[in-house]
file my_file07.pdb (PDB, C-alpha atoms)
ATOM      1  CA  MET S   1      -3.595  19.902  -7.057
ATOM      2  CA  ALA S   2      -7.273  20.441  -6.303
ATOM      3  CA  GLY S   3      -8.203  18.815  -3.012
ATOM      4  CA  LEU S   4      -4.605  17.781  -2.271
ATOM      5  CA  THR S   5      -2.264  20.272  -0.622
ATOM      6  CA  MET S   6       1.371  19.545  -1.246
ATOM      7  CA  MET S   7       2.824  20.257   2.179
ATOM      8  CA  SER S   8       6.326  19.126   1.322
ATOM      9  CA  THR S   9       8.525  18.090  -1.562
ATOM     10  CA  LYS S  10       9.728  15.103   0.461
ATOM     11  CA  PRO S  11       8.941  11.657  -0.940
ATOM     12  CA  ARG S  12       5.442  10.424  -0.142
ATOM     13  CA  VAL S  13       7.043   7.149   0.834
ATOM     14  CA  ARG S  14      10.634   5.989   0.915
ATOM     15  CA  ARG S  15      12.782   3.189   2.254
ATOM     16  CA  LYS S  16      14.737   3.947   5.379
ATOM     17  CA  ALA S  17      18.455   4.406   4.964
ATOM     18  CA  GLY S  18      20.725   1.911   6.586
ATOM     19  CA  LYS S  19      20.598  -1.837   6.713
ATOM     20  CA  ARG S  20      19.007  -3.332   3.620
ATOM     21  CA  ARG S  21      16.812  -6.395   3.515
ATOM     22  CA  GLN S  22      18.672  -9.668   3.091
ATOM     23  CA  TYR S  23      17.184 -12.030   0.531
ATOM     24  CA  THR S  24      18.168 -15.390  -0.850
ATOM     25  CA  LEU S  25      18.247 -15.481  -4.655
ATOM     26  CA  ASP S  26      17.257 -18.610  -6.478
ATOM     27  CA  ALA S  27      16.744 -19.326 -10.154
ATOM     28  CA  LYS S  28      13.038 -18.558 -10.057
ATOM     29  CA  ARG S  29      13.601 -15.216  -8.331
ATOM     30  CA  ILE S  30      16.286 -14.240 -10.849
ATOM     31  CA  LEU S  31      13.828 -14.976 -13.668
ATOM     32  CA  TYR S  32      11.200 -12.837 -11.960
ATOM     33  CA  LEU S  33      13.669  -9.973 -11.555
ATOM     34  CA  VAL S  34      14.661 -10.111 -15.225
ATOM     35  CA  LEU S  35      11.054 -10.150 -16.380
ATOM     36  CA  SER S  36      10.130  -7.368 -13.956
ATOM     37  CA  SER S  37      13.010  -5.241 -15.248
ATOM     38  CA  PHE S  38      11.735  -5.572 -18.803
ATOM     39  CA  GLY S  39       8.261  -4.665 -17.582
ATOM     40  CA  LEU S  40       9.583  -1.576 -15.789
ATOM     41  CA  ILE S  41      11.514  -0.393 -18.860
ATOM     42  CA  TRP S  42       8.462  -0.888 -21.056
ATOM     43  CA  ALA S  43       6.169   0.817 -18.564
ATOM     44  CA  CYS S  44       8.402   3.830 -18.067
ATOM     45  CA  GLY S  45       9.259   4.155 -21.750
ATOM     46  CA  SER S  46       5.874   4.199 -23.381
ATOM     47  CA  ALA S  47       3.081   2.558 -21.471
ATOM     48  CA  TRP S  48       2.152   5.047 -18.784
ATOM     49  CA  ILE S  49      -0.608   7.434 -19.670
ATOM     50  CA  LEU S  50      -0.921  10.925 -18.263
ATOM     51  CA  LEU S  51      -4.070  11.548 -16.305
ATOM     52  CA  SER S  52      -4.477  14.634 -18.464
ATOM     53  CA  SER S  53      -5.003  12.543 -21.598
ATOM     54  CA  SER S  54      -8.349  12.485 -23.358
ATOM     55  CA  SER S  55      -9.444   9.310 -21.581
ATOM     56  CA  SER S  56      -8.300  10.348 -18.105
ATOM     57  CA  ASN S  57     -10.169  11.669 -15.113
ATOM     58  CA  THR S  58      -8.390  14.992 -14.767
ATOM     59  CA  LYS S  59      -8.304  18.614 -15.694
ATOM     60  CA  PRO S  60      -5.719  19.660 -18.326
ATOM     61  CA  GLY S  61      -2.265  19.361 -16.813
ATOM     62  CA  GLY S  62      -2.994  16.128 -15.010
ATOM     63  CA  ARG S  63      -4.375  17.617 -11.809
ATOM     64  CA  ILE S  64      -6.856  15.504  -9.838
ATOM     65  CA  LEU S  65     -10.296  16.996  -9.293
ATOM     66  CA  ASP S  66     -11.364  17.050  -5.659
ATOM     67  CA  ARG S  67     -14.814  15.781  -6.670
ATOM     68  CA  GLY S  68     -13.391  13.086  -8.925
ATOM     69  CA  MET S  69     -14.437  12.125 -12.440
ATOM     70  CA  THR S  70     -15.473   8.995 -14.258
ATOM     71  CA  GLY S  71     -15.978   8.158 -17.887
ATOM     72  CA  ASN S  72     -19.519   9.496 -17.494
ATOM     73  CA  GLY S  73     -18.355  12.920 -16.356
ATOM     74  CA  LEU S  74     -18.121  14.740 -13.047
ATOM     75  CA  LEU S  75     -19.472  13.129  -9.925
ATOM     76  CA  GLN S  76     -22.134  14.923  -7.991
ATOM     77  CA  GLU S  77     -20.819  17.225  -5.282
ATOM     78  CA  GLY S  78     -20.025  15.210  -2.147
ATOM     79  CA  SER S  79     -20.730  11.810  -3.717
ATOM     80  CA  GLY S  80     -17.046  10.880  -3.578
ATOM     81  CA  LYS S  81     -16.593  11.635   0.120
ATOM     82  CA  VAL S  82     -14.559   9.105   2.065
ATOM     83  CA  GLN S  83     -16.215   8.108   5.326
ATOM     84  CA  PRO S  84     -14.311   7.749   8.629
ATOM     85  CA  PHE S  85     -12.940   4.331   9.636
ATOM     86  CA  GLU S  86     -13.651   2.625   6.281
ATOM     87  CA  SER S  87     -10.066   2.984   4.951
ATOM     88  CA  PRO S  88      -7.704   1.369   7.488
ATOM     89  CA  LEU S  89      -3.926   1.508   7.372
ATOM     90  CA  LEU S  90      -2.340  -1.962   7.416
ATOM     91  CA  ILE S  91       1.329  -2.074   8.469
ATOM     92  CA  PHE S  92       3.309  -5.295   8.080
ATOM     93  CA  THR S  93       6.116  -6.022  10.516
ATOM     94  CA  CYS S  94       8.234  -8.953  11.621
ATOM     95  CA  HIS S  95      11.341  -8.449  13.759
ATOM     96  CA  ARG S  96      12.745  -4.956  13.144
ATOM     97  CA  ALA S  97      11.521  -2.934  16.110
ATOM     98  CA  GLU S  98      13.657   0.122  15.339
ATOM     99  CA  TYR S  99      12.231   0.394  11.813
ATOM    100  CA  LEU S 100       8.676  -0.013  13.062
ATOM    101  CA  THR S 101       9.251   2.735  15.633
ATOM    102  CA  LYS S 102      10.280   5.211  12.932
ATOM    103  CA  ALA S 103       7.417   4.194  10.669
ATOM    104  CA  LEU S 104       4.805   4.603  13.411
ATOM    105  CA  ASN S 105       6.268   7.942  14.484
ATOM    106  CA  ALA S 106       5.850   9.229  10.928
ATOM    107  CA  VAL S 107       2.262   7.983  10.870
ATOM    108  CA  PHE S 108       1.539   9.625  14.233
ATOM    109  CA  GLU S 109       2.898  12.949  13.014
ATOM    110  CA  ASN S 110       1.009  12.979   9.717
ATOM    111  CA  LEU S 111      -2.266  11.089  10.208
ATOM    112  CA  PRO S 112      -5.249  13.499  10.100
ATOM    113  CA  ARG S 113      -7.284  13.214  13.287
ATOM    114  CA  THR S 114     -10.531  13.111  11.273
ATOM    115  CA  CYS S 115      -9.800   9.400  10.652
ATOM    116  CA  ARG S 116     -11.286   9.533   7.154
ATOM    117  CA  MET S 117      -8.169   7.818   5.821
ATOM    118  CA  GLY S 118      -5.797   5.468   7.633
ATOM    119  CA  CYS S 119      -8.043   4.517  10.562
ATOM    120  CA  PRO S 120      -8.076   2.178  12.318
ATOM    121  CA  ILE S 121      -4.357   1.460  12.212
ATOM    122  CA  VAL S 122      -3.746  -2.284  12.070
ATOM    123  CA  VAL S 123      -0.210  -3.546  12.734
ATOM    124  CA  SER S 124       0.178  -7.145  11.616
ATOM    125  CA  GLN S 125       3.135  -8.895  13.243
ATOM    126  CA  ASP S 126       4.577 -12.090  11.795
ATOM    127  CA  GLY S 127       6.314 -13.881  14.626
ATOM    128  CA  THR S 128       6.658 -13.280  18.341
ATOM    129  CA  ALA S 129       9.566 -10.844  18.618
ATOM    130  CA  PRO S 130       9.033  -9.294  22.084
ATOM    131  CA  ASP S 131      10.689  -5.971  21.216
ATOM    132  CA  VAL S 132       8.297  -5.526  18.281
ATOM    133  CA  ALA S 133       5.290  -6.315  20.473
ATOM    134  CA  LYS S 134       6.543  -3.786  23.024
ATOM    135  CA  VAL S 135       6.774  -1.045  20.382
ATOM    136  CA  ILE S 136       3.215  -1.792  19.270
ATOM    137  CA  ARG S 137       1.898  -1.557  22.851
ATOM    138  CA  GLN S 138       3.656   1.764  23.370
ATOM    139  CA  PHE S 139       2.133   3.221  20.228
ATOM    140  CA  GLN S 140      -1.296   1.877  21.087
ATOM    141  CA  GLN S 141      -1.249   4.143  24.130
ATOM    142  CA  LYS S 142       0.177   7.049  22.147
ATOM    143  CA  PHE S 143      -2.465   6.860  19.418
ATOM    144  CA  GLN S 144      -5.233   6.226  21.932
ATOM    145  CA  SER S 145      -4.411   9.567  23.567
ATOM    146  CA  GLU S 146      -5.419  11.156  20.250
ATOM    147  CA  GLY S 147      -8.554   9.048  19.886
ATOM    148  CA  ILE S 148      -7.037   6.878  17.136
ATOM    149  CA  PRO S 149      -7.395   3.094  17.474
ATOM    150  CA  LEU S 150      -4.332   0.934  16.837
ATOM    151  CA  ILE S 151      -4.979  -2.800  16.586
ATOM    152  CA  HIS S 152      -2.227  -5.382  17.071
ATOM    153  CA  MET S 153      -2.780  -8.464  14.920
ATOM    154  CA  GLN S 154      -0.338 -11.322  15.445
ATOM    155  CA  LYS S 155       0.014 -14.104  12.909
ATOM    156  CA  PRO S 156      -0.055 -17.495  14.655
ATOM    157  CA  GLY S 157       2.907 -19.799  14.289
ATOM    158  CA  GLN S 158       2.621 -22.653  11.838
ATOM    159  CA  ALA S 159       4.773 -24.856   9.626
ATOM    160  CA  ARG S 160       6.996 -22.676   7.471
ATOM    161  CA  PRO S 161       7.626 -23.507   3.798
ATOM    162  CA  ARG S 162      11.253 -24.594   3.414
ATOM    163  CA  THR S 163      12.025 -24.015  -0.221
ATOM    164  CA  GLY S 164      14.910 -21.605   0.140
ATOM    165  CA  LEU S 165      18.652 -22.130   0.163
ATOM    166  CA  ARG S 166      19.833 -25.091   2.307
ATOM    167  CA  GLY S 167      16.291 -25.939   3.289
ATOM    168  CA  ARG S 168      15.746 -22.676   5.122
ATOM    169  CA  PRO S 169      12.361 -20.927   5.049
ATOM    170  CA  ASP S 170      11.832 -19.041   1.795
ATOM    171  CA  PRO S 171      11.469 -15.340   2.786
ATOM    172  CA  TYR S 172       9.330 -14.579  -0.259
ATOM    173  CA  ALA S 173       6.912 -17.354   0.667
ATOM    174  CA  LEU S 174       6.737 -16.114   4.268
ATOM    175  CA  ILE S 175       5.981 -12.558   3.151
ATOM    176  CA  ALA S 176       3.279 -13.633   0.695
ATOM    177  CA  GLU S 177       1.722 -15.881   3.330
ATOM    178  CA  HIS S 178       1.659 -13.018   5.831
ATOM    179  CA  PHE S 179       0.108 -10.589   3.340
ATOM    180  CA  GLY S 180      -2.641 -12.988   2.320
ATOM    181  CA  TRP S 181      -3.472 -13.903   5.913
ATOM    182  CA  ALA S 182      -3.663 -10.283   7.082
ATOM    183  CA  LEU S 183      -5.685  -9.031   4.119
ATOM    184  CA  GLU S 184      -8.243 -11.804   4.553
ATOM    185  CA  ARG S 185      -8.682 -10.983   8.252
ATOM    186  CA  LEU S 186      -8.897  -7.272   7.586
ATOM    187  CA  PHE S 187     -11.476  -7.358   4.799
ATOM    188  CA  SER S 188     -13.566  -9.910   6.720
ATOM    189  CA  SER S 189     -13.469  -7.582   9.779
ATOM    190  CA  LYS S 190     -12.208 -10.478  11.941
ATOM    191  CA  VAL S 191      -9.536  -8.193  13.333
ATOM    192  CA  TYR S 192     -12.058  -5.728  14.776
ATOM    193  CA  ALA S 193     -13.067  -6.307  18.390
ATOM    194  CA  ARG S 194     -15.535  -3.406  18.153
ATOM    195  CA  LYS S 195     -18.608  -4.151  16.089
ATOM    196  CA  ASP S 196     -19.399  -0.506  15.368
ATOM    197  CA  TYR S 197     -16.536  -0.083  12.891
ATOM    198  CA  PRO S 198     -17.762  -0.157   9.285
ATOM    199  CA  ALA S 199     -16.503  -2.912   7.009
ATOM    200  CA  PRO S 200     -13.309  -1.767   5.269
ATOM    201  CA  GLN S 201     -13.974  -0.472   1.762
ATOM    202  CA  ARG S 202     -10.300  -0.104   0.890
ATOM    203  CA  VAL S 203      -6.921  -0.519   2.594
ATOM    204  CA  ILE S 204      -3.601   1.359   2.564
ATOM    205  CA  ILE S 205      -0.649  -1.023   2.816
ATOM    206  CA  LEU S 206       2.731  -0.161   4.343
ATOM    207  CA  GLU S 207       5.733  -2.181   5.410
ATOM    208  CA  GLU S 208       7.782  -1.547   8.529
ATOM    209  CA  ASP S 209      10.777  -0.048   6.667
ATOM    210  CA  LEU S 210       8.833   2.687   4.851
ATOM    211  CA  LEU S 211       8.636   6.350   5.813
ATOM    212  CA  ILE S 212       5.733   8.522   4.710
ATOM    213  CA  ALA S 213       5.601  12.208   3.765
ATOM    214  CA  PRO S 214       3.235  14.814   5.288
ATOM    215  CA  ASP S 215       0.747  14.599   2.399
ATOM    216  CA  PHE S 216       0.592  10.782   2.319
ATOM    217  CA  PHE S 217      -2.940  10.413   3.695
ATOM    218  CA  GLN S 218      -4.340  13.420   1.818
ATOM    219  CA  TYR S 219      -3.007  11.875  -1.371
ATOM    220  CA  PHE S 220      -4.929   8.646  -0.795
ATOM    221  CA  GLU S 221      -8.067  10.458   0.331
ATOM    222  CA  ALA S 222      -8.059  12.459  -2.908
ATOM    223  CA  THR S 223      -7.572   9.391  -5.097
ATOM    224  CA  ALA S 224      -9.885   6.940  -3.262
ATOM    225  CA  PRO S 225     -13.043   8.044  -5.164
ATOM    226  CA  LEU S 226     -11.224   7.578  -8.453
ATOM    227  CA  LEU S 227     -10.119   4.085  -7.498
ATOM    228  CA  ASP S 228     -13.626   3.109  -6.376
ATOM    229  CA  GLN S 229     -15.461   4.439  -9.423
ATOM    230  CA  ASP S 230     -13.114   4.025 -12.370
ATOM    231  CA  PRO S 231     -13.102   0.401 -13.634
ATOM    232  CA  ASP S 232      -9.868   1.085 -15.518
ATOM    233  CA  LEU S 233      -7.951   1.544 -12.261
ATOM    234  CA  PHE S 234      -6.247  -1.339 -10.439
ATOM    235  CA  ALA S 235      -4.613   0.416  -7.473
ATOM    236  CA  VAL S 236      -3.102   3.682  -6.243
ATOM    237  CA  SER S 237       0.565   3.869  -5.216
ATOM    238  CA  ALA S 238       2.476   6.626  -3.449
ATOM    239  CA  PHE S 239       5.758   5.428  -4.955
ATOM    240  CA  ASN S 240       7.363   6.148  -8.313
ATOM    241  CA  ASP S 241      10.502   4.142  -9.120
ATOM    242  CA  ASN S 242      11.746   7.026 -11.273
ATOM    243  CA  GLY S 243      10.331   9.851  -9.189
ATOM    244  CA  GLN S 244      12.699  12.586  -8.112
ATOM    245  CA  ASP S 245      12.521  16.126  -6.865
ATOM    246  CA  GLY S 246      12.940  18.835  -9.470
ATOM    247  CA  ALA S 247       9.939  17.878 -11.615
ATOM    248  CA  ASP S 248       8.034  20.684 -13.326
ATOM    249  CA  ASP S 249       4.776  19.797 -11.589
ATOM    250  CA  LYS S 250       5.099  18.109  -8.207
ATOM    251  CA  ALA S 251       1.316  17.762  -7.983
ATOM    252  CA  ARG S 252       0.917  15.799 -11.220
ATOM    253  CA  LEU S 253      -0.292  12.206 -11.123
ATOM    254  CA  LEU S 254       0.168   9.576 -13.807
ATOM    255  CA  ARG S 255      -1.586   6.439 -14.947
ATOM    256  CA  SER S 256       0.907   3.609 -15.251
ATOM    257  CA  ASP S 257       0.816   0.054 -16.575
ATOM    258  CA  PHE S 258       3.384  -0.910 -13.917
ATOM    259  CA  PHE S 259       2.513  -1.719 -10.298
ATOM    260  CA  PRO S 260       5.212  -0.144  -8.099
ATOM    261  CA  GLY S 261       3.851  -1.172  -4.695
ATOM    262  CA  LEU S 262       5.614   0.369  -1.645
ATOM    263  CA  GLY S 263       2.837   2.339   0.015
ATOM    264  CA  TRP S 264      -0.289   1.552  -1.995
ATOM    265  CA  MET S 265      -4.052   1.244  -1.793
ATOM    266  CA  MET S 266      -6.572  -1.213  -3.169
ATOM    267  CA  ASN S 267     -10.309  -1.497  -2.624
ATOM    268  CA  ARG S 268     -12.553  -4.217  -1.286
ATOM    269  CA  GLN S 269     -13.992  -5.125  -4.670
ATOM    270  CA  LEU S 270     -10.580  -6.124  -6.027
ATOM    271  CA  TRP S 271      -9.883  -8.326  -3.022
ATOM    272  CA  ASP S 272     -13.326  -9.928  -2.747
ATOM    273  CA  THR S 273     -13.935 -10.655  -6.426
ATOM    274  CA  GLU S 274     -10.438 -11.386  -7.721
ATOM    275  CA  LEU S 275      -7.429 -11.689  -5.422
ATOM    276  CA  SER S 276      -8.640 -13.471  -2.300
ATOM    277  CA  SER S 277      -9.396 -16.769  -4.026
ATOM    278  CA  LYS S 278      -6.016 -17.068  -5.760
ATOM    279  CA  TRP S 279      -3.472 -15.277  -3.580
ATOM    280  CA  PRO S 280       0.005 -16.557  -4.572
ATOM    281  CA  PRO S 281       2.350 -18.640  -2.397
ATOM    282  CA  HIS S 282       5.327 -16.325  -3.098
ATOM    283  CA  TYR S 283       6.430 -13.132  -4.892
ATOM    284  CA  TRP S 284       3.069 -11.413  -4.365
ATOM    285  CA  ASP S 285       4.208  -8.081  -5.880
ATOM    286  CA  ASP S 286       5.528  -9.682  -9.082
ATOM    287  CA  TRP S 287       2.325 -11.697  -9.252
ATOM    288  CA  LEU S 288       0.205  -8.525  -9.136
ATOM    289  CA  ARG S 289       2.138  -7.199 -12.141
ATOM    290  CA  GLU S 290       1.172 -10.159 -14.287
ATOM    291  CA  PRO S 291      -1.458  -9.556 -17.031
ATOM    292  CA  ALA S 292      -3.795 -12.132 -15.492
ATOM    293  CA  GLN S 293      -4.147  -9.920 -12.411
ATOM    294  CA  ARG S 294      -3.763  -6.402 -13.807
ATOM    295  CA  LYS S 295      -6.061  -7.002 -16.821
ATOM    296  CA  GLU S 296      -4.838  -3.866 -18.629
ATOM    297  CA  ARG S 297      -5.936  -1.660 -15.734
ATOM    298  CA  HIS S 298      -3.804   1.250 -14.570
ATOM    299  CA  VAL S 299      -2.118   2.230 -11.339
ATOM    300  CA  ILE S 300      -2.124   5.873 -10.271
ATOM    301  CA  ARG S 301       1.289   7.049  -9.136
ATOM    302  CA  PRO S 302       2.820  10.475  -8.457
ATOM    303  CA  GLU S 303       5.305  12.387 -10.601
ATOM    304  CA  VAL S 304       7.410  12.905  -7.473
ATOM    305  CA  SER S 305       7.469  10.141  -4.844
TER     306      SER S 305
END

call {"tool": "encode", "arguments": {"input": "my_file07.pdb", "output": "structure tokens"}}
result
Amino acid sequence: MAGLTMMSTKPRVRRKAGKRRQYTLDAKRILYLVLSSFGLIWACGSAWILLSSSSSNTKPGGRILDRGMTGNGLLQEGSGKVQPFESPLLIFTCHRAEYLTKALNAVFENLPRTCRMGCPIVVSQDGTAPDVAKVIRQFQQKFQSEGIPLIHMQKPGQARPRTGLRGRPDPYALIAEHFGWALERLFSSKVYARKDYPAPQRVIILEEDLLIAPDFFQYFEATAPLLDQDPDLFAVSAFNDNGQDGADDKARLLRSDFFPGLGWMMNRQLWDTELSSKWPPHYWDDWLREPAQRKERHVIRPEVS
């Protein structure tokens, strides 16, 4: 792929093996899961469009151009360059210190020191788990030794919505609340103590139980100009629900009508003009898949994830 070196056939992002998340199912969630399953089948069966199609922004074969393309043709050389510190990495965590440790180690090993993509690193903690805070402090020192800023953002305690089973806090509501709070602070630059950082133009979103591959940041750097300049694009994801090794072309990217999430990027324009004013109280990922949000726009995803 032009401008994107495939350093490994490992998944760009994957869930850690071991203990799975524990969720409480209610009638509304079951309905969402059923509807999402139909959407996934439809998307994978006929709705995704190869980037190599006549309306796509690629060379034949679905390979991304390093200079990017739009409906008006090739961009001028260098016009799609991503500038340092304008594409932060936002990692969401709560109480699983061991998962966060593995996730941050993978980021440390694979983050390019140019800081064009994934800097600053912002770790948003929901809650006050001391072992999680300790991990974040340790990695702040580790990243600082490489000249990479890591910012710890802690969500303040407040009344929790109790709509789950037996009056317990609804985990889906807590997650959506955390996402909305952190994204608002990030895009408003409230999280930055230094005033010389540029306002974020896009953000890469990870969760504490995701592991990245060596080409994760190069992948997003290559696709950022496409996301910014193609109005038919909604987001870029590093995850493919049906992705598996053994594909004919591991460098091929696809346009999909389905939002997979799990290691994804959106830009400031989407947040400022559409999502910030109506962020949902629960099930944020299912909400993003709804037609009212996606508006027939596509998500770029890899053939192999």

call {"tool": "closest_residue", "arguments": {"input": "my_file07.pdb", "among": "S:Arg255, S:Lys190, S:Arg185, S:Arg301", "to": "Asn242 (chain S)", "atoms": "all atoms listed in the file"}}
result
S:Arg301

call {"tool": "closest_atom_pairs", "arguments": {"input": "my_file07.pdb", "of": "region 203-275 of chain S", "to": "region 86-90 of chain S", "cutoff": "7 Å", "atoms": "all atoms listed in the file", "output": "Markdown table"}}
result
| residue | atom | partner | partner_atom | distance |
| --- | --- | --- | --- | --- |
| S:Val203 | CA | S:Ser87 | CA | 5.3 |
| S:Ile204 | CA | S:Leu89 | CA | 4.8 |
| S:Ile205 | CA | S:Leu90 | CA | 5.0 |
| S:Leu206 | CA | S:Leu90 | CA | 6.2 |

call {"tool": "atom_distance", "arguments": {"input": "my_file07.pdb", "atom1": "CA of Pro225 (chain S)", "atom2": "CA of Asn267 (chain S)"}}
result
10.2 Å

call {"tool": "residues_near_point", "arguments": {"input": "my_file07.pdb", "point": "(-1.1, -0.4, -1.5)", "cutoff": "6 Å", "atoms": "only C-alpha atoms", "output": "count of residues only"}}
result
8

call {"tool": "resolve_selection", "arguments": {"input": "my_file07.pdb", "expression": "the PyMOL selection byres ((chain S and resi 229-235) around 7)", "output": "JSON list (two decimals) with C-alpha atoms, keeping the file's coordinate frame"}}
result
[["chain", "number", "residue", "atom", "x", "y", "z"],
["S", 70, "THR", "CA", -15.47, 8.99, -14.26],
["S", 225, "PRO", "CA", -13.04, 8.04, -5.16],
["S", 226, "LEU", "CA", -11.22, 7.58, -8.45],
["S", 227, "LEU", "CA", -10.12, 4.08, -7.50],
["S", 228, "ASP", "CA", -13.63, 3.11, -6.38],
["S", 236, "VAL", "CA", -3.10, 3.68, -6.24],
["S", 237, "SER", "CA", 0.56, 3.87, -5.22],
["S", 265, "MET", "CA", -4.05, 1.24, -1.79],
["S", 266, "MET", "CA", -6.57, -1.21, -3.17],
["S", 294, "ARG", "CA", -3.76, -6.40, -13.81],
["S", 297, "ARG", "CA", -5.94, -1.66, -15.73],
["S", 298, "HIS", "CA", -3.80, 1.25, -14.57],
["S", 299, "VAL", "CA", -2.12, 2.23, -11.34],
["S", 300, "ILE", "CA", -2.12, 5.87, -10.27]]

call {"tool": "resolve_selection", "arguments": {"input": "my_file07.pdb", "expression": "the PyMOL selection byres ((chain S and resi 117) around 9)", "output": "ChimeraX atom specification"}}
result
/S:82-89,111-112,114-116,118-120,204,217-218,220-221

call {"tool": "closest_residue", "arguments": {"input": "my_file07.pdb", "among": "S:Lys102, S:His178, S:Lys250, S:His152", "to": "Ile121 (chain S)", "atoms": "only C-alpha atoms"}}
result
S:His152

call {"tool": "atom_distance", "arguments": {"input": "my_file07.pdb", "atom1": "CA of Asp209 (chain S)", "atom2": "CA of Ala173 (chain S)"}}
result
18.7 Å

call {"tool": "residues_around", "arguments": {"input": "my_file07.pdb", "residues": "Glu208 (chain S)", "least_positions_apart": "6", "cutoff": "6 Å", "atoms": "only C-alpha atoms", "output": "PDB file with C-alpha atoms, in the coordinates of the input"}}
result
ATOM      1  CA  PHE S  92       3.309  -5.295   8.080  1.00  0.00           C
ATOM      2  CA  THR S  93       6.116  -6.022  10.516  1.00  0.00           C
ATOM      3  CA  TYR S  99      12.231   0.394  11.813  1.00  0.00           C
ATOM      4  CA  LEU S 100       8.676  -0.013  13.062  1.00  0.00           C
TER       5      LEU S 100
END

call {"tool": "closest_residue", "arguments": {"input": "my_file07.pdb", "among": "S:His282, S:Lys195, S:Arg96, S:Arg137", "to": "Glu177 (chain S)", "atoms": "all atoms listed in the file"}}
result
S:His282
